[in-house]
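> Structure file entry_6.txt (compact mmCIF, C-alpha atoms) is given on the next line.
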```txt
# COMPACT_ATOMS: atom_id res chain seq x y z
CA MET J 7 45.72 -11.95 25.53
CA ASN J 8 44.82 -8.26 25.85
CA ILE J 9 45.89 -6.70 22.58
CA ALA J 10 45.85 -3.09 21.37
CA VAL J 11 45.77 -2.55 17.62
CA LEU J 12 46.74 0.97 16.55
CA GLY J 13 45.09 2.04 13.32
CA THR J 14 41.57 1.75 11.94
CA GLY J 15 42.46 1.08 8.29
CA MET J 16 42.47 -2.18 6.34
CA VAL J 17 45.42 -3.66 8.20
CA GLY J 18 44.18 -2.69 11.67
CA ARG J 19 40.75 -4.09 10.97
CA ALA J 20 42.08 -7.33 9.52
CA ILE J 21 44.38 -7.92 12.49
CA ALA J 22 41.84 -6.85 15.11
CA GLY J 23 38.98 -8.86 13.63
CA ARG J 24 41.05 -12.01 13.37
CA LEU J 25 42.57 -11.69 16.85
CA SER J 26 39.10 -11.20 18.27
CA GLN J 27 37.81 -14.22 16.37
CA LEU J 28 40.68 -16.22 17.86
CA GLY J 29 39.54 -15.31 21.36
CA HIS J 30 41.80 -12.40 22.25
CA ALA J 31 40.49 -9.23 23.93
CA VAL J 32 41.10 -6.53 21.33
CA ILE J 33 40.94 -2.75 21.58
CA ILE J 34 41.60 -0.66 18.51
CA GLY J 35 43.40 2.60 19.20
CA THR J 36 42.73 5.74 17.19
CA ARG J 37 43.46 9.45 17.52
CA ASN J 38 39.86 10.50 18.17
CA PRO J 39 37.36 7.66 18.72
CA ASP J 40 34.32 9.94 18.45
CA ALA J 41 35.47 11.26 15.07
CA THR J 42 36.28 7.73 13.87
CA LEU J 43 32.82 6.50 14.85
CA ALA J 44 31.05 9.56 13.39
CA ARG J 45 32.28 8.97 9.84
CA THR J 46 29.74 7.11 7.70
CA ASP J 47 31.48 7.21 4.31
CA GLY J 48 33.62 4.36 3.01
CA ASP J 49 37.12 5.03 1.71
CA ARG J 50 38.31 5.45 -1.87
CA MET J 51 39.19 1.76 -2.01
CA GLY J 52 35.56 0.73 -1.43
CA ASN J 53 36.04 -0.28 2.20
CA PRO J 54 33.12 0.42 4.55
CA SER J 55 33.24 3.07 7.26
CA TYR J 56 34.70 2.08 10.61
CA GLN J 57 31.18 2.38 12.04
CA ALA J 58 29.89 -0.25 9.60
CA TRP J 59 32.88 -2.54 10.25
CA ALA J 60 32.49 -2.18 14.02
CA ALA J 61 28.83 -3.16 13.84
CA GLU J 62 29.96 -6.55 12.50
CA HIS J 63 32.71 -6.89 15.13
CA PRO J 64 30.94 -5.99 18.38
CA ALA J 65 33.62 -7.58 20.57
CA VAL J 66 36.30 -5.19 19.30
CA GLN J 67 36.48 -2.03 21.40
CA LEU J 68 37.58 1.43 20.25
CA ALA J 69 39.59 3.86 22.38
CA THR J 70 42.26 6.54 22.18
CA PHE J 71 45.77 5.34 21.41
CA ALA J 72 46.68 5.84 25.07
CA ASP J 73 43.65 4.09 26.53
CA ALA J 74 43.99 1.20 24.10
CA VAL J 75 47.62 0.62 24.97
CA ALA J 76 47.36 1.20 28.72
CA GLY J 77 45.63 -2.10 29.44
CA SER J 78 47.26 -4.19 26.73
CA GLU J 79 49.91 -6.90 26.88
CA LEU J 80 50.77 -6.69 23.17
CA VAL J 81 50.60 -3.64 20.90
CA VAL J 82 50.18 -3.94 17.14
CA ASN J 83 51.27 -0.93 15.10
CA ALA J 84 48.97 -0.99 12.08
CA THR J 85 49.09 2.72 11.36
CA ASN J 86 50.28 4.29 8.13
CA GLY J 87 54.06 4.34 8.29
CA SER J 88 54.23 8.12 8.09
CA ALA J 89 51.97 8.38 11.16
CA ALA J 90 53.49 5.58 13.20
CA LEU J 91 55.87 7.49 15.46
CA GLU J 92 53.26 10.14 16.23
CA ALA J 93 50.61 7.51 17.03
CA LEU J 94 52.98 5.66 19.34
CA THR J 95 53.96 8.93 21.00
CA LEU J 96 50.29 9.66 21.62
CA ALA J 97 49.93 6.14 23.04
CA GLY J 98 52.58 7.11 25.57
CA ALA J 99 56.06 5.75 26.18
CA GLU J 100 55.03 4.94 29.76
CA HIS J 101 52.22 2.71 28.50
CA LEU J 102 54.48 1.05 25.92
CA ALA J 103 57.38 0.36 28.29
CA GLY J 104 58.20 -3.33 28.55
CA LYS J 105 55.62 -4.32 25.98
CA VAL J 106 56.02 -6.07 22.67
CA ILE J 107 55.22 -3.81 19.71
CA LEU J 108 54.41 -5.84 16.60
CA ASP J 109 55.23 -3.28 13.91
CA ILE J 110 53.46 -3.92 10.58
CA ALA J 111 53.81 -0.41 9.12
CA ASN J 112 55.82 0.37 6.03
CA PRO J 113 57.66 3.67 5.47
CA LEU J 114 55.78 4.52 2.28
CA ASP J 115 55.96 8.07 0.98
CA PHE J 116 53.15 8.91 -1.43
CA SER J 117 54.06 12.60 -1.61
CA HIS J 118 55.86 12.21 -4.93
CA GLY J 119 53.08 10.23 -6.63
CA MET J 120 52.98 6.59 -7.66
CA PRO J 121 54.72 4.31 -7.13
CA PRO J 122 55.45 5.45 -3.57
CA THR J 123 59.04 5.68 -2.40
CA LEU J 124 60.40 4.84 1.07
CA PHE J 125 61.02 7.65 3.51
CA VAL J 126 63.63 5.59 5.32
CA LYS J 127 65.69 2.76 3.82
CA ASP J 128 68.95 0.91 3.40
CA THR J 129 70.91 2.37 6.34
CA ASP J 130 67.90 2.60 8.70
CA SER J 131 64.29 1.42 8.88
CA LEU J 132 60.99 2.40 10.43
CA GLY J 133 61.29 -0.56 12.77
CA GLU J 134 64.61 0.78 14.05
CA GLN J 135 63.20 4.30 14.35
CA ILE J 136 60.42 2.96 16.56
CA GLN J 137 62.84 0.88 18.62
CA ARG J 138 65.09 3.93 19.15
CA ALA J 139 62.12 6.16 20.05
CA PHE J 140 60.79 3.62 22.58
CA PRO J 141 63.88 1.89 23.94
CA LEU J 142 61.97 0.25 26.81
CA SER J 143 59.61 -1.47 24.36
CA ARG J 144 60.45 -4.58 22.39
CA VAL J 145 59.79 -3.99 18.70
CA VAL J 146 59.24 -6.92 16.35
CA LYS J 147 58.82 -6.15 12.68
CA SER J 148 56.61 -8.64 10.89
CA LEU J 149 53.72 -9.07 8.44
CA ASN J 150 54.72 -5.97 6.45
CA THR J 151 55.43 -8.08 3.37
CA LEU J 152 51.94 -9.21 2.40
CA ASN J 153 48.36 -8.09 1.89
CA ALA J 154 46.13 -7.53 4.93
CA ALA J 155 43.80 -10.41 4.13
CA LEU J 156 46.72 -12.81 3.74
CA MET J 157 48.37 -11.62 6.95
CA VAL J 158 45.59 -13.23 8.94
CA HIS J 159 44.43 -15.90 6.46
CA PRO J 160 47.50 -17.26 4.66
CA ASP J 161 45.37 -20.28 3.77
CA LEU J 162 43.73 -18.14 1.07
CA LEU J 163 46.77 -19.07 -1.04
CA PRO J 164 47.09 -22.52 -2.63
CA GLU J 165 50.22 -23.39 -0.64
CA GLY J 166 52.16 -22.30 2.42
CA THR J 167 54.29 -19.17 2.12
CA SER J 168 56.82 -17.35 4.31
CA VAL J 169 56.69 -14.49 6.79
CA PHE J 170 59.53 -12.92 8.74
CA VAL J 171 60.34 -11.56 12.19
CA SER J 172 63.02 -8.96 12.99
CA GLY J 173 63.75 -7.80 16.50
CA ASN J 174 66.31 -7.54 19.27
CA ASP J 175 64.40 -9.55 21.90
CA PRO J 176 64.07 -13.32 21.41
CA ASP J 177 61.10 -13.59 23.79
CA ALA J 178 59.27 -10.84 21.94
CA LYS J 179 59.89 -12.66 18.67
CA SER J 180 58.52 -15.85 20.24
CA THR J 181 55.37 -14.00 21.32
CA VAL J 182 54.84 -12.69 17.81
CA THR J 183 55.66 -16.03 16.22
CA ALA J 184 52.95 -17.66 18.35
CA ILE J 185 50.41 -15.11 17.09
CA LEU J 186 51.53 -15.75 13.52
CA ALA J 187 51.00 -19.46 14.06
CA GLU J 188 47.47 -18.73 15.30
CA PHE J 189 46.85 -16.89 12.04
CA GLY J 190 47.97 -20.00 10.16
CA HIS J 191 51.53 -19.15 9.18
CA THR J 192 53.68 -22.26 8.98
CA ASP J 193 57.04 -20.79 7.86
CA VAL J 194 58.21 -17.93 10.09
CA ILE J 195 61.83 -16.98 9.36
CA ASP J 196 63.77 -15.16 12.08
CA LEU J 197 65.89 -12.66 10.14
CA GLY J 198 67.81 -11.40 13.16
CA ASP J 199 67.83 -8.13 15.04
CA ILE J 200 65.69 -5.10 14.28
CA THR J 201 68.16 -3.86 11.66
CA SER J 202 66.95 -6.70 9.47
CA ALA J 203 63.67 -4.76 9.14
CA ARG J 204 65.57 -2.88 6.42
CA GLY J 205 65.29 -6.04 4.34
CA THR J 206 61.55 -6.54 4.67
CA GLU J 207 60.71 -2.84 4.35
CA MET J 208 62.76 -2.66 1.15
CA LEU J 209 60.66 -5.51 -0.23
CA LEU J 210 57.77 -3.10 -0.65
CA PRO J 211 58.77 -1.68 -4.03
CA MET J 212 58.99 -5.25 -5.32
CA TRP J 213 55.63 -6.09 -3.78
CA LEU J 214 54.04 -3.08 -5.50
CA ARG J 215 55.56 -4.00 -8.88
CA LEU J 216 54.36 -7.58 -8.47
CA MET J 217 50.84 -6.40 -7.63
CA GLY J 218 50.87 -4.38 -10.85
CA ALA J 219 52.28 -7.21 -12.93
CA LEU J 220 50.04 -9.93 -11.51
CA GLY J 221 46.91 -7.79 -11.27
CA THR J 222 46.20 -8.98 -7.74
CA ALA J 223 47.36 -8.42 -4.18
CA THR J 224 46.65 -12.05 -3.34
CA PHE J 225 50.18 -13.35 -3.56
CA ASN J 226 53.08 -13.87 -1.20
CA PHE J 227 56.76 -14.70 -1.10
CA LYS J 228 57.73 -18.28 -0.32
CA ILE J 229 61.38 -18.80 0.48
CA VAL J 230 62.20 -22.13 -1.16
CA ARG J 231 65.33 -23.79 0.22
CA MET N 9 73.51 -17.60 -30.38
CA ASN N 10 76.75 -15.59 -30.12
CA ILE N 11 76.83 -14.32 -26.57
CA ALA N 12 79.27 -12.02 -24.77
CA VAL N 13 79.43 -12.35 -20.99
CA LEU N 14 81.09 -9.37 -19.28
CA GLY N 15 82.78 -10.32 -16.03
CA THR N 16 85.04 -13.18 -14.97
CA GLY N 17 83.66 -13.66 -11.44
CA MET N 18 81.29 -16.26 -10.06
CA VAL N 19 78.27 -14.95 -11.95
CA GLY N 20 80.06 -14.53 -15.27
CA ARG N 21 81.54 -18.00 -15.06
CA ALA N 22 78.23 -19.62 -14.09
CA ILE N 23 76.37 -17.95 -16.96
CA ALA N 24 79.13 -18.50 -19.53
CA GLY N 25 79.68 -22.13 -18.59
CA ARG N 26 76.01 -22.97 -18.75
CA LEU N 27 75.37 -21.10 -22.02
CA SER N 28 78.31 -22.91 -23.58
CA GLN N 29 77.02 -26.25 -22.32
CA LEU N 30 73.66 -25.42 -23.91
CA GLY N 31 75.38 -24.97 -27.28
CA HIS N 32 75.82 -21.21 -27.49
CA ALA N 33 79.06 -19.60 -28.71
CA VAL N 34 80.31 -17.73 -25.66
CA ILE N 35 83.06 -15.14 -25.27
CA ILE N 36 83.81 -13.72 -21.85
CA GLY N 37 84.81 -10.08 -21.85
CA THR N 38 87.33 -8.67 -19.37
CA ARG N 39 89.40 -5.52 -19.04
CA ASN N 40 92.74 -7.17 -19.73
CA PRO N 41 92.62 -10.79 -20.93
CA ASP N 42 96.35 -11.34 -20.49
CA ALA N 43 96.21 -10.18 -16.87
CA THR N 44 93.12 -12.31 -16.22
CA LEU N 45 94.83 -15.40 -17.64
CA ALA N 46 98.09 -14.72 -15.81
CA ARG N 47 96.59 -14.88 -12.31
CA THR N 48 96.95 -18.28 -10.71
CA ASP N 49 95.54 -17.60 -7.25
CA GLY N 50 91.95 -18.33 -6.32
CA ASP N 51 89.80 -15.66 -4.68
CA ARG N 52 88.98 -15.15 -1.01
CA MET N 53 85.79 -17.17 -1.41
CA GLY N 54 87.73 -20.27 -2.42
CA ASN N 55 86.94 -20.06 -6.11
CA PRO N 56 89.68 -21.19 -8.49
CA SER N 57 91.62 -18.78 -10.72
CA TYR N 58 90.11 -17.93 -14.09
CA GLN N 59 92.94 -19.88 -15.67
CA ALA N 60 91.90 -23.02 -13.81
CA TRP N 61 88.21 -22.49 -14.63
CA ALA N 62 88.99 -21.84 -18.31
CA ALA N 63 90.93 -25.09 -18.56
CA GLU N 64 87.69 -26.91 -17.75
CA HIS N 65 85.68 -24.83 -20.20
CA PRO N 66 87.78 -24.85 -23.38
CA ALA N 67 84.90 -23.77 -25.61
CA VAL N 68 84.54 -20.45 -23.78
CA GLN N 69 86.75 -17.74 -25.29
CA LEU N 70 88.25 -14.75 -23.45
CA ALA N 71 88.64 -11.30 -25.02
CA THR N 72 88.56 -7.61 -24.17
CA PHE N 73 85.16 -6.14 -23.38
CA ALA N 74 85.09 -4.53 -26.82
CA ASP N 75 86.17 -7.60 -28.78
CA ALA N 76 83.75 -9.83 -26.87
CA VAL N 77 80.79 -7.57 -27.55
CA ALA N 78 81.65 -6.70 -31.17
CA GLY N 79 80.65 -10.09 -32.55
CA SER N 80 77.87 -10.90 -30.13
CA GLU N 81 74.09 -10.94 -30.56
CA LEU N 82 73.38 -10.83 -26.83
CA VAL N 83 75.43 -9.21 -24.06
CA VAL N 84 75.27 -10.35 -20.45
CA ASN N 85 76.42 -7.83 -17.86
CA ALA N 86 77.81 -9.98 -15.06
CA THR N 87 80.25 -7.41 -13.69
CA ASN N 88 80.27 -6.01 -10.19
CA GLY N 89 77.58 -3.35 -10.08
CA SER N 90 80.05 -0.61 -9.23
CA ALA N 91 82.08 -1.46 -12.35
CA ALA N 92 79.18 -2.04 -14.74
CA LEU N 93 78.96 1.34 -16.46
CA GLU N 94 82.72 1.51 -16.96
CA ALA N 95 82.86 -2.02 -18.37
CA LEU N 96 80.03 -1.29 -20.80
CA THR N 97 81.70 1.97 -21.81
CA LEU N 98 84.90 0.04 -22.53
CA ALA N 99 82.82 -2.44 -24.55
CA GLY N 100 81.76 0.50 -26.71
CA ALA N 101 78.36 2.08 -27.28
CA GLU N 102 78.79 1.40 -31.01
CA HIS N 103 79.18 -2.32 -30.35
CA LEU N 104 76.23 -2.37 -27.95
CA ALA N 105 73.83 -0.44 -30.19
CA GLY N 106 70.69 -2.42 -31.02
CA LYS N 107 71.69 -5.35 -28.83
CA VAL N 108 69.98 -6.87 -25.85
CA ILE N 109 71.90 -6.34 -22.60
CA LEU N 110 70.89 -8.86 -19.96
CA ASP N 111 71.87 -6.95 -16.81
CA ILE N 112 72.46 -9.19 -13.77
CA ALA N 113 74.54 -6.73 -11.72
CA ASN N 114 73.40 -5.33 -8.40
CA PRO N 115 74.34 -1.83 -7.18
CA LEU N 116 76.07 -3.07 -4.04
CA ASP N 117 78.28 -0.66 -2.13
CA PHE N 118 80.72 -2.42 0.21
CA SER N 119 82.61 0.77 1.08
CA HIS N 120 80.78 1.17 4.40
CA GLY N 121 81.31 -2.43 5.52
CA MET N 122 78.81 -5.24 5.93
CA PRO N 123 76.02 -5.55 5.12
CA PRO N 124 76.53 -3.63 1.87
CA THR N 125 74.18 -0.78 1.00
CA LEU N 126 72.87 0.14 -2.46
CA PHE N 127 74.55 2.99 -4.35
CA VAL N 128 71.35 3.65 -6.28
CA LYS N 129 67.81 2.81 -5.16
CA ASP N 130 64.15 3.69 -4.83
CA THR N 131 63.96 6.54 -7.35
CA ASP N 132 66.44 5.04 -9.82
CA SER N 133 68.25 1.78 -10.44
CA LEU N 134 71.40 0.44 -12.03
CA GLY N 135 69.27 -1.04 -14.80
CA GLU N 136 67.92 2.40 -15.60
CA GLN N 137 71.39 3.96 -15.41
CA ILE N 138 72.63 1.48 -18.01
CA GLN N 139 69.58 2.03 -20.23
CA ARG N 140 70.11 5.81 -20.08
CA ALA N 141 73.85 5.50 -20.77
CA PHE N 142 73.23 3.21 -23.78
CA PRO N 143 69.92 4.37 -25.21
CA LEU N 144 70.34 2.40 -28.43
CA SER N 145 70.69 -0.86 -26.48
CA ARG N 146 67.78 -2.80 -25.02
CA VAL N 147 68.41 -3.49 -21.34
CA VAL N 148 66.63 -6.34 -19.56
CA LYS N 149 67.22 -6.70 -15.84
CA SER N 150 66.97 -10.27 -14.65
CA LEU N 151 68.58 -12.99 -12.52
CA ASN N 152 69.86 -10.46 -9.97
CA THR N 153 67.67 -11.98 -7.25
CA LEU N 154 69.35 -15.34 -6.73
CA ASN N 155 72.66 -17.10 -6.28
CA ALA N 156 74.87 -17.73 -9.34
CA ALA N 157 74.51 -21.51 -9.19
CA LEU N 158 70.72 -21.24 -9.02
CA MET N 159 70.57 -18.71 -11.86
CA VAL N 160 71.59 -21.43 -14.28
CA HIS N 161 70.42 -24.53 -12.37
CA PRO N 162 67.13 -23.68 -10.62
CA ASP N 163 66.51 -27.41 -10.41
CA LEU N 164 68.99 -27.50 -7.51
CA LEU N 165 66.02 -26.42 -5.38
CA PRO N 166 63.30 -28.89 -4.39
CA GLU N 167 60.57 -27.02 -6.27
CA GLY N 168 60.13 -24.40 -8.96
CA THR N 169 60.76 -20.77 -8.00
CA SER N 170 60.33 -17.37 -9.65
CA VAL N 171 62.59 -15.03 -11.60
CA PHE N 172 61.75 -11.64 -13.07
CA VAL N 173 62.35 -9.54 -16.18
CA SER N 174 62.26 -5.73 -16.34
CA GLY N 175 62.78 -3.78 -19.54
CA ASN N 176 61.30 -1.39 -22.05
CA ASP N 177 61.47 -3.66 -25.11
CA PRO N 178 59.07 -6.63 -25.28
CA ASP N 179 61.19 -8.46 -27.88
CA ALA N 180 64.28 -8.11 -25.71
CA LYS N 181 62.35 -9.54 -22.75
CA SER N 182 61.24 -12.44 -24.94
CA THR N 183 64.86 -13.12 -25.90
CA VAL N 184 65.91 -13.17 -22.26
CA THR N 185 62.91 -15.23 -21.21
CA ALA N 186 63.88 -17.87 -23.78
CA ILE N 187 67.38 -18.05 -22.28
CA LEU N 188 65.88 -18.33 -18.80
CA ALA N 189 63.73 -21.23 -19.99
CA GLU N 190 66.87 -22.93 -21.34
CA PHE N 191 68.36 -22.62 -17.86
CA GLY N 192 65.27 -24.36 -16.46
CA HIS N 193 63.24 -21.45 -15.10
CA THR N 194 59.54 -22.19 -15.30
CA ASP N 195 58.07 -19.04 -13.71
CA VAL N 196 59.35 -15.83 -15.33
CA ILE N 197 57.34 -12.80 -14.22
CA ASP N 198 57.40 -9.71 -16.44
CA LEU N 199 57.45 -6.83 -13.96
CA GLY N 200 57.13 -4.09 -16.59
CA ASP N 201 59.51 -1.46 -17.88
CA ILE N 202 63.10 -0.94 -16.77
CA THR N 203 62.01 1.20 -13.79
CA SER N 204 60.76 -2.03 -12.21
CA ALA N 205 64.43 -2.98 -11.79
CA ARG N 206 64.17 -0.81 -8.66
CA GLY N 207 62.05 -3.56 -7.17
CA THR N 208 64.41 -6.45 -7.85
CA GLU N 209 67.55 -4.48 -6.96
CA MET N 210 65.98 -3.49 -3.64
CA LEU N 211 65.43 -7.19 -2.90
CA LEU N 212 69.14 -7.55 -2.30
CA PRO N 213 69.17 -6.43 1.34
CA MET N 214 66.46 -9.02 2.03
CA TRP N 215 68.40 -11.67 0.14
CA LEU N 216 71.51 -10.94 2.22
CA ARG N 217 69.53 -11.11 5.50
CA LEU N 218 67.98 -14.39 4.39
CA MET N 219 71.38 -15.83 3.54
CA GLY N 220 72.51 -14.94 7.04
CA ALA N 221 69.41 -16.34 8.71
CA LEU N 222 69.24 -19.55 6.67
CA GLY N 223 72.99 -20.15 6.61
CA THR N 224 72.94 -20.87 2.89
CA ALA N 225 72.74 -19.06 -0.45
CA THR N 226 70.81 -21.97 -1.94
CA PHE N 227 67.33 -20.48 -1.70
CA ASN N 228 65.07 -18.44 -3.91
CA PHE N 229 61.84 -16.47 -3.89
CA LYS N 230 58.74 -18.19 -5.20
CA ILE N 231 55.80 -15.91 -5.82
CA VAL N 232 52.79 -17.96 -4.72
CA ARG N 233 49.46 -16.73 -6.16
```
Would you write out, as structure tokens, the structure that this file holds?

Amino acid sequence: MNIAVLGTGMVGRAIAGRLSQLGHAVIIGTRNPDATLARTDGDRMGNPSYQAWAAEHPAVQLATFADAVAGSELVVNATNGSAALEALTLAGAEHLAGKVILDIANPLDFSHGMPPTLFVKDTDSLGEQIQRAFPLSRVVKSLNTLNAALMVHPDLLPEGTSVFVSGNDPDAKSTVTAILAEFGHTDVIDLGDITSARGTEMLLPMWLRLMGALGTATFNFKIVR
Amino acid sequence: MNIAVLGTGMVGRAIAGRLSQLGHAVIIGTRNPDATLARTDGDRMGNPSYQAWAAEHPAVQLATFADAVAGSELVVNATNGSAALEALTLAGAEHLAGKVILDIANPLDFSHGMPPTLFVKDTDSLGEQIQRAFPLSRVVKSLNTLNAALMVHPDLLPEGTSVFVSGNDPDAKSTVTAILAEFGHTDVIDLGDITSARGTEMLLPMWLRLMGALGTATFNFKIVR
């Protein structure tokens, strides 16, 4: 499948690299490809520059948000939550129309220090904001409840865990569920329409507390029933 | 241990019944014991009247909030979240001083219909509100992330799952953790101080969506790591 991944950070790279490894044609979208490729410094978390990452993933292309999305069949929103609507707007509603948007972003607000708060919650969600802003697209919220490495390699954990899909379009959820299965997810729970993204986005404060308490991001929720 | 359980609903009954079965001396606290005992109708969920439940649990006493708490060593807040601060105020700060308050309530607001929203979240929590209102008490938030039956019988599920404690006082968390172990919980994760109650309280929207998606309340989160 031709897939556009918006965002060059940890999540975008993890998703793009894995999709490429699985045989998909992947283009990463960014605001300014030349600027992204020019940077040689790693980030504060110790991750290499995009340039260094790209050298190890030669099959993954880089383009503007609009160019990446124009030729894609599936769009993955792996931007920072606070930048998501702007990135999708730059990608172009006309390019997004009819397409599935797999939305992984979380509405984290770091402006008040740590731990971050949520800039939308409870009565609305980022997933719904995106669906409202791009009504001709089919938004599926998923994978926003676990670490980037585990999103694409759930087998790093000692047993199977759970991931979730929220969205208004059953076919779009099927498309995303098939991708999740390719990643190795064996328990994909359909939570319902896009309003159920409120549930998974509001998991983030718990996820952050657990990361602090456990001293690792290598954990996930398993829904035992 | 002498334990006061505030609240005569599903959660209060489940906790009180199990603690009594385990050999603790349990008094349930309610606003007006005579009125509670006089009602003969069950509730809308099909649960029997308190009178009928009490007949099957003769060792469990019923008293006012204040009388229940006065002689207790541990207080369990199993009220509706919206009534919690008032119930604890009626119990009396002087009776609560120095004691552990195991707070199970969730800040659910049903006034805007279903699904309920949270009347406090993200930058504060009900657990913190109670700790601030009763600074001489030692609040531990726990058990607010699963169904009443599973709180006290986690072995109803096919495998072990996780519960959480949040609170400022390590000894109080140890007291609660020992009670949780008596109930059968084998994975109790200490999330940190009482501000971490924001994490578990904000799980509720996800819990409600999962109940809808799975068609059962008999499920729980297991933190796989």
> Give me, as a list of chain:residue names, all polymer residues having an atom no more than 12 Å from Ala91 (chain N), counting only C-alpha atoms and skipping those fewer than 3 positions away in the same chain.
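Selected residues are N:Leu14, N:Gly15, N:Thr38, N:Arg39, N:Asn85, N:Ala86, N:Thr87, N:Asn88, N:Glu94, N:Ala95, N:Leu96, N:Thr97, N:Leu98, N:Ala113, N:Asn114, N:Pro115, N:Leu116, N:Asp117, N:Phe127, N:Leu134, N:Ile138.
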> For chain N, which residue out of J:Asn53, J:Gln135, J:Thr70, J:Thr129 is the nearest one, using all atoms listed in the file?
J:Thr129
> With a distance cut-off of 12 Å and all atoms listed in the file, select the neighbouring residues of Ser180 (chain J), excluding the residue or stretch itself and same-chain residues fewer than 4 positions from it, and output the selection as a PyMOL selection string.
chain J and resi 106+108+144+146+148+170-176+184-187+194-196
> Just give me the gap between CA of His30 (chain J) and CA of Ala203 (chain J) in Å, one decimal is fine.
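Separation of CA of His30 (chain J) and CA of Ala203 (chain J): 26.6 Å.
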> Compile a residue-level contact table for chain J against chain N at a cut-off of 8 Å, reporting for every qualifying residue the shortest atom pair and its distance in Å to one decimal, with only C-alpha atoms counted, rows ordered by chain and ascending number, as JSON lines.

```
{"residue": "J:Thr123", "atom": "CA", "partner": "N:Asp130", "partner_atom": "CA", "distance": 6.0}
{"residue": "J:Leu124", "atom": "CA", "partner": "N:Asp130", "partner_atom": "CA", "distance": 7.1}
{"residue": "J:Asp128", "atom": "CA", "partner": "N:Thr125", "partner_atom": "CA", "distance": 6.0}
{"residue": "J:Thr129", "atom": "CA", "partner": "N:Thr125", "partner_atom": "CA", "distance": 7.0}
{"residue": "J:Leu163", "atom": "CA", "partner": "N:Arg233", "partner_atom": "CA", "distance": 6.2}
{"residue": "J:Pro164", "atom": "CA", "partner": "N:Arg233", "partner_atom": "CA", "distance": 7.2}
{"residue": "J:Glu165", "atom": "CA", "partner": "N:Val232", "partner_atom": "CA", "distance": 7.3}
{"residue": "J:Thr167", "atom": "CA", "partner": "N:Val232", "partner_atom": "CA", "distance": 7.1}
{"residue": "J:Ile195", "atom": "CA", "partner": "N:Ala221", "partner_atom": "CA", "distance": 7.6}
{"residue": "J:Asp196", "atom": "CA", "partner": "N:Ala221", "partner_atom": "CA", "distance": 6.7}
{"residue": "J:Leu197", "atom": "CA", "partner": "N:Ala221", "partner_atom": "CA", "distance": 5.3}
{"residue": "J:Gly198", "atom": "CA", "partner": "N:Ala221", "partner_atom": "CA", "distance": 6.8}
{"residue": "J:Ser202", "atom": "CA", "partner": "N:Arg217", "partner_atom": "CA", "distance": 6.5}
{"residue": "J:Arg204", "atom": "CA", "partner": "N:Pro213", "partner_atom": "CA", "distance": 7.2}
{"residue": "J:Gly205", "atom": "CA", "partner": "N:Met214", "partner_atom": "CA", "distance": 3.9}
{"residue": "J:Thr206", "atom": "CA", "partner": "N:Met214", "partner_atom": "CA", "distance": 6.1}
{"residue": "J:Met208", "atom": "CA", "partner": "N:Met210", "partner_atom": "CA", "distance": 5.8}
{"residue": "J:Leu209", "atom": "CA", "partner": "N:Leu211", "partner_atom": "CA", "distance": 5.7}
{"residue": "J:Leu210", "atom": "CA", "partner": "N:Gly207", "partner_atom": "CA", "distance": 7.8}
{"residue": "J:Pro211", "atom": "CA", "partner": "N:Gly207", "partner_atom": "CA", "distance": 4.9}
{"residue": "J:Met212", "atom": "CA", "partner": "N:Gly207", "partner_atom": "CA", "distance": 4.0}
{"residue": "J:Trp213", "atom": "CA", "partner": "N:Gly207", "partner_atom": "CA", "distance": 7.7}
{"residue": "J:Arg215", "atom": "CA", "partner": "N:Leu199", "partner_atom": "CA", "distance": 6.1}
{"residue": "J:Leu216", "atom": "CA", "partner": "N:Leu199", "partner_atom": "CA", "distance": 6.3}
{"residue": "J:Gly218", "atom": "CA", "partner": "N:Leu199", "partner_atom": "CA", "distance": 7.7}
{"residue": "J:Ala219", "atom": "CA", "partner": "N:Leu199", "partner_atom": "CA", "distance": 5.3}
{"residue": "J:Thr224", "atom": "CA", "partner": "N:Arg233", "partner_atom": "CA", "distance": 6.1}
{"residue": "J:Phe225", "atom": "CA", "partner": "N:Arg233", "partner_atom": "CA", "distance": 4.3}
{"residue": "J:Asn226", "atom": "CA", "partner": "N:Val232", "partner_atom": "CA", "distance": 5.4}
{"residue": "J:Phe227", "atom": "CA", "partner": "N:Ile231", "partner_atom": "CA", "distance": 5.0}
{"residue": "J:Lys228", "atom": "CA", "partner": "N:Lys230", "partner_atom": "CA", "distance": 5.0}
{"residue": "J:Ile229", "atom": "CA", "partner": "N:Phe229", "partner_atom": "CA", "distance": 5.0}
{"residue": "J:Val230", "atom": "CA", "partner": "N:Phe227", "partner_atom": "CA", "distance": 5.4}
{"residue": "J:Arg231", "atom": "CA", "partner": "N:Phe227", "partner_atom": "CA", "distance": 4.3}
```
> Quick one: residues within 8 Å of Ser143 (chain J), only C-alpha atoms counted, chain neighbours fewer than 3 positions away excluded, as a PyMOL selection string?
chain J and resi 102-107+137+140
> Interatomic distance between CA of Leu45 (chain N) and CA of Ser119 (chain N)?
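Separation between CA of Leu45 (chain N) and CA of Ser119 (chain N): 27.6 Å.
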> Could you please determine the separation between CA of Val77 (chain N) and CA of Asp49 (chain N) in Å, to one decimal place?
27.0 Å
> So which one's closest to Asp111 (chain N), N:Leu27, N:Leu158, N:Ala180, N:Ala33? Using all atoms listed in the file, please.
N:Ala180
> List every protein, DNA or RNA residue that has at least one atom no more than 12 Å from (37.5, -8.2, 16.3) in the file's coordinates, counting only C-alpha atoms, and write the result as a PyMOL selection string.
chain J and resi 9-11+14+18-34+59-68
